[in-house]
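Asker: The structure is given below, and queries will be raised subsequently.
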Amino acid sequence: MRNIKLTIEYDGKRYLGWRRLGDSDKTIQGKIESVINQMTGEKIEIIGSGRTDAGAHAKGQVANFKTNSEMARGEMLSFFNRYLPGDIVVKKVEEMPERFHARYNVKGKQYSYYVWNDPIPTAFERYHSFNVPEKLDVAKMQVACDKLLGTHDFIGFSALKKTKKSTTRTIDKISIEQEGSMLRFIFVGNGFLHKMVRILMGTILAIGSGKLPLSVIDEVLENKVRADAGETAPAQGLFLDEVYY
């Protein structure tokens, strides 16, 4: 039995997210599994590094699956990209040790969130960024980002209700890059809760536009009340850049 690791890039705008949903063929996992089953003749379920939301994108999603197929890795790569839709691309096929697990072995992830900060929207990036027309204070947003660094219980910045699992995560870096009207927010950490990056972004943007004070970061980290944080930023600005093992 071989253990195959895939590095995957996708444009999520047409899909209902990563995770397969019953009989729906509108998920990334479902599309890839359909091609694997065709390629190997086996009924195979792939394991992703984590879910991405409906409309979100990935440049470096990782998944693995086990197969008895003897097909060479180069042939697999060609097969995937011949039969997958054009908005899902397998970038790399690797053979891994038997114990490699795309989800359980994750050490960290990098996400990017793109904001088009201009009163005039962009035609080309409308499905890959969030248009914020009001002027944003980048320096104030960077202060907000710095407040989030370190190890905290981030449940107040997530879509989770009560859970028995730990909601403590460590964020190592949040930086802001600007090129013209496009702002790129880069998040690096050991893990992120459900919708955590999008809720952090909604909060940071509300601070940048003056709708929320800087103190809201400390307040939500302390009181863990989701309603006190900002709105959930739309999924189309979010990219999973890389998964670290």
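For the structure tokens, the naming scheme is as follows: chains receive sequential letters (A, B, ...) according to their order of presentation, residues are indexed from 1 within each chain, and ligands are indexed from 1 in presentation order.
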Please provide the set of residues having any atom within 8 Å of Ile199 of chain A, restricted to only C-alpha atoms, with same-chain residues fewer than 4 positions apart removed, written as a ChimeraX atom specification.

Answerer: /A:157-158,195,203,229-233

Asker: Quick one: everything within 8 Å of Ile46 of chain A, counting only C-alpha atoms, minus sequence neighbours fewer than 2 positions away in the same chain. Send it as a list in words.

Answerer: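 In the requested form, the answer reads Gln29, Glu33, Ile44, Gly48, Ala63, Asn64 and Phe65 of chain A.
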
Asker: At a cut-off of 8 Å, using only C-alpha atoms, what residues contact segment 217-225 of chain A? Leave out same-chain residues fewer than 2 positions from it and give the result as a ChimeraX atom specification.

Answerer: /A:144,147-148,152-157,214-215,227-229

Asker: List every residue of segment 49-145 of chain A that has an atom at most 6 Å from any atom of segment 8-11 of chain A, and for each one report the closest atom pair and its distance in Å to one decimal, counting only C-alpha atoms, with rows sorted by chain and then by increasing residue number, as a Markdown table.

Answerer:
```
| residue | atom | partner | partner_atom | distance |
| --- | --- | --- | --- | --- |
| A:His57 | CA | A:Asp11 | CA | 5.0 |
| A:Ala58 | CA | A:Glu9 | CA | 5.2 |
| A:Lys59 | CA | A:Glu9 | CA | 4.4 |
| A:Gly60 | CA | A:Ile8 | CA | 5.6 |
| A:Gln61 | CA | A:Ile8 | CA | 5.0 |
| A:Asp87 | CA | A:Asp11 | CA | 5.3 |
| A:Ile88 | CA | A:Tyr10 | CA | 4.4 |
| A:Val89 | CA | A:Glu9 | CA | 5.2 |
| A:Val90 | CA | A:Ile8 | CA | 4.5 |
| A:Lys91 | CA | A:Ile8 | CA | 5.6 |
```

Asker: Enumerate, as an NGL selection string, the complete set of residues in segment 42-111 of chain A that a backbone-based DSSP assignment places in strand (DSSP E).

Answerer: :A and (47-48 or 57-67 or 88-96 or 108-111)

Asker: Could you pull out the alpha helix (DSSP H) residues of segment 113-228 of chain A from DSSP and send them as number ranges by chain?

Answerer: A: 138-147, 196-208, 215-223

Asker: Save out the residues we just selected, N, CA, C and O atoms, as a CSV table (one decimal), in the first residue's frame.

Answerer:
```csv
chain,number,residue,atom,x,y,z
A,138,VAL,N,-3.5,51.8,7.8
A,138,VAL,CA,-2.7,50.6,7.8
A,138,VAL,C,-1.8,50.5,9.0
A,138,VAL,O,-1.7,49.5,9.6
A,139,ALA,N,-1.3,51.7,9.5
A,139,ALA,CA,-0.5,51.7,10.7
A,139,ALA,C,-1.3,51.2,11.9
A,139,ALA,O,-0.8,50.4,12.7
A,140,LYS,N,-2.6,51.6,12.0
A,140,LYS,CA,-3.4,51.2,13.2
A,140,LYS,C,-3.7,49.7,13.0
A,140,LYS,O,-3.8,48.9,14.0
A,141,MET,N,-3.9,49.2,11.8
A,141,MET,CA,-4.2,47.8,11.6
A,141,MET,C,-3.0,46.9,12.0
A,141,MET,O,-3.2,45.8,12.5
A,142,GLN,N,-1.8,47.4,11.7
A,142,GLN,CA,-0.6,46.7,12.1
A,142,GLN,C,-0.5,46.6,13.6
A,142,GLN,O,-0.1,45.5,14.1
A,143,VAL,N,-0.9,47.6,14.3
A,143,VAL,CA,-0.9,47.6,15.8
A,143,VAL,C,-1.9,46.5,16.2
A,143,VAL,O,-1.6,45.7,17.1
A,144,ALA,N,-3.0,46.4,15.6
A,144,ALA,CA,-4.0,45.4,15.9
A,144,ALA,C,-3.5,44.0,15.7
A,144,ALA,O,-3.6,43.1,16.5
A,145,CYS,N,-2.8,43.9,14.5
A,145,CYS,CA,-2.2,42.6,14.2
A,145,CYS,C,-1.2,42.2,15.3
A,145,CYS,O,-1.1,41.0,15.7
A,146,ASP,N,-0.3,43.1,15.7
A,146,ASP,CA,0.7,42.8,16.7
A,146,ASP,C,0.1,42.3,18.0
A,146,ASP,O,0.7,41.5,18.7
A,147,LYS,N,-1.1,42.9,18.4
A,147,LYS,CA,-1.7,42.5,19.6
A,147,LYS,C,-2.2,41.0,19.6
A,147,LYS,O,-2.4,40.4,20.6
A,196,MET,N,-11.5,31.4,11.7
A,196,MET,CA,-10.7,32.3,12.6
A,196,MET,C,-10.0,33.5,11.8
A,196,MET,O,-10.1,34.6,12.2
A,197,VAL,N,-9.4,33.1,10.7
A,197,VAL,CA,-8.7,34.2,9.9
A,197,VAL,C,-9.7,35.2,9.4
A,197,VAL,O,-9.5,36.4,9.4
A,198,ARG,N,-10.9,34.7,8.9
A,198,ARG,CA,-11.9,35.6,8.4
A,198,ARG,C,-12.5,36.6,9.5
A,198,ARG,O,-12.7,37.7,9.2
A,199,ILE,N,-12.6,36.0,10.7
A,199,ILE,CA,-13.2,36.9,11.8
A,199,ILE,C,-12.1,37.8,12.2
A,199,ILE,O,-12.4,39.0,12.5
A,200,LEU,N,-10.8,37.4,12.3
A,200,LEU,CA,-9.7,38.3,12.6
A,200,LEU,C,-9.7,39.4,11.6
A,200,LEU,O,-9.5,40.6,12.0
A,201,MET,N,-9.8,39.1,10.3
A,201,MET,CA,-9.8,40.1,9.3
A,201,MET,C,-10.9,41.1,9.4
A,201,MET,O,-10.7,42.3,9.3
A,202,GLY,N,-12.1,40.6,9.7
A,202,GLY,CA,-13.3,41.5,9.8
A,202,GLY,C,-13.0,42.5,11.0
A,202,GLY,O,-13.4,43.7,10.9
A,203,THR,N,-12.4,42.0,12.1
A,203,THR,CA,-12.1,42.8,13.2
A,203,THR,C,-11.0,43.8,12.9
A,203,THR,O,-11.1,45.0,13.2
A,204,ILE,N,-9.9,43.4,12.2
A,204,ILE,CA,-8.8,44.3,11.9
A,204,ILE,C,-9.3,45.4,10.9
A,204,ILE,O,-8.9,46.5,11.1
A,205,LEU,N,-10.1,45.0,10.0
A,205,LEU,CA,-10.6,46.0,9.0
A,205,LEU,C,-11.6,47.0,9.7
A,205,LEU,O,-11.6,48.2,9.4
A,206,ALA,N,-12.3,46.5,10.7
A,206,ALA,CA,-13.2,47.4,11.4
A,206,ALA,C,-12.4,48.4,12.2
A,206,ALA,O,-12.8,49.6,12.4
A,207,ILE,N,-11.3,48.0,12.8
A,207,ILE,CA,-10.3,48.9,13.5
A,207,ILE,C,-9.7,49.9,12.5
A,207,ILE,O,-9.6,51.1,12.7
A,208,GLY,N,-9.3,49.4,11.3
A,208,GLY,CA,-8.7,50.2,10.3
A,208,GLY,C,-9.6,51.3,9.8
A,208,GLY,O,-9.1,52.4,9.4
A,215,SER,N,-8.9,48.5,21.4
A,215,SER,CA,-9.0,47.8,22.6
A,215,SER,C,-9.9,46.5,22.4
A,215,SER,O,-9.9,45.6,23.3
A,216,VAL,N,-10.6,46.4,21.3
A,216,VAL,CA,-11.5,45.2,21.1
A,216,VAL,C,-10.7,44.0,21.0
A,216,VAL,O,-11.2,42.9,21.4
A,217,ILE,N,-9.4,44.0,20.6
A,217,ILE,CA,-8.6,42.8,20.5
A,217,ILE,C,-8.4,42.3,21.9
A,217,ILE,O,-8.6,41.1,22.1
A,218,ASP,N,-7.9,43.1,22.8
A,218,ASP,CA,-7.7,42.6,24.2
A,218,ASP,C,-9.0,42.2,24.8
A,218,ASP,O,-9.0,41.2,25.6
A,219,GLU,N,-10.0,42.9,24.6
A,219,GLU,CA,-11.3,42.5,25.2
A,219,GLU,C,-11.8,41.2,24.8
A,219,GLU,O,-12.2,40.4,25.6
A,220,VAL,N,-11.7,40.9,23.5
A,220,VAL,CA,-12.3,39.6,23.0
A,220,VAL,C,-11.3,38.4,23.4
A,220,VAL,O,-11.8,37.3,23.7
A,221,LEU,N,-10.0,38.7,23.4
A,221,LEU,CA,-9.1,37.6,23.9
A,221,LEU,C,-9.4,37.3,25.4
A,221,LEU,O,-9.2,36.2,25.8
A,222,GLU,N,-9.8,38.3,26.1
A,222,GLU,CA,-10.1,38.1,27.6
A,222,GLU,C,-11.5,37.5,27.8
A,222,GLU,O,-11.6,36.5,28.5
A,223,ASN,N,-12.5,38.1,27.2
A,223,ASN,CA,-13.9,37.7,27.5
A,223,ASN,C,-14.4,36.5,26.6
A,223,ASN,O,-15.4,35.9,26.9
```

Asker: Kindly assemble as a Markdown table a list of the segment 81-180 of chain A residues that lie within 12 Å of segment 37-43 of chain A, each paired with its nearest atom pair and their distance in Å to one decimal, using only C-alpha atoms, sorted first by chain and then by ascending residue number.

Answerer:
```
| residue | atom | partner | partner_atom | distance |
| --- | --- | --- | --- | --- |
| A:Asn81 | CA | A:Met39 | CA | 11.7 |
| A:Arg82 | CA | A:Met39 | CA | 11.0 |
| A:Tyr83 | CA | A:Gln38 | CA | 9.4 |
| A:Leu84 | CA | A:Gln38 | CA | 11.1 |
```

Asker: Write the selection just made, keeping C-alpha atoms, as a PDB file, in the first residue's frame?

Answerer:
```pdb
ATOM      1  CA  ASN A  81      -4.332  17.648 -14.505  1.00  0.00           C
ATOM      2  CA  ARG A  82      -5.866  16.082 -17.584  1.00  0.00           C
ATOM      3  CA  TYR A  83      -9.132  15.152 -15.860  1.00  0.00           C
ATOM      4  CA  LEU A  84      -9.567  17.709 -13.079  1.00  0.00           C
TER       5      LEU A  84
END
```

Asker: Please provide the set of residues having any atom within 12 Å of Ala102 of chain A, restricted to only C-alpha atoms, with same-chain residues fewer than 6 positions apart removed, written as a list in words.

Answerer: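 With the cut-off at 12 Å, the set is Asn3, Ile4, Lys5, Leu6, Thr7, Ile46, Ile47, Gly48, Ser49, Gly50, Arg51, Gln61, Val62, Ala63, Asn64, Phe65, Lys66, Met96, Gly108, Val243, Tyr244 and Tyr245 of chain A.
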
Asker: Between atom CA of Leu136 of chain A and atom CA of Ser209 of chain A, what is the distance in Å, rounded to a tenth?

Answerer: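 Result for atom CA of Leu136 of chain A versus atom CA of Ser209 of chain A: 5.0 Å, one decimal.
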
Asker: Just checking: using only C-alpha atoms, which residue out of A:Phe80, A:Trp116, A:Phe130, A:Tyr15 ends up closest to Glu179 of chain A?

Answerer: A:Trp116

Asker: Pick out the closest residue to Asp137 of chain A from this set: A:Lys162, A:Lys211, A:Arg226, A:Lys31. Count only C-alpha atoms.

Answerer: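 Once distances to Asp137 of chain A are computed over only C-alpha atoms, the minimum belongs to A:Lys211.
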
Asker: Taking into account only C-alpha atoms, which residue in the set A:Gly191, A:Gly22, A:Gly17, A:Gly55 is nearest to Gly237 of chain A?

Answerer: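 Using only C-alpha atoms, the shortest distance to Gly237 of chain A belongs to A:Gly55.
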
Asker: Would you compute the distance between atom CA of Thr67 of chain A and atom CA of Ile32 of chain A? Give it in Å to one decimal.

Answerer: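 Going from atom CA of Thr67 of chain A over to atom CA of Ile32 of chain A, I get 14.2 Å.
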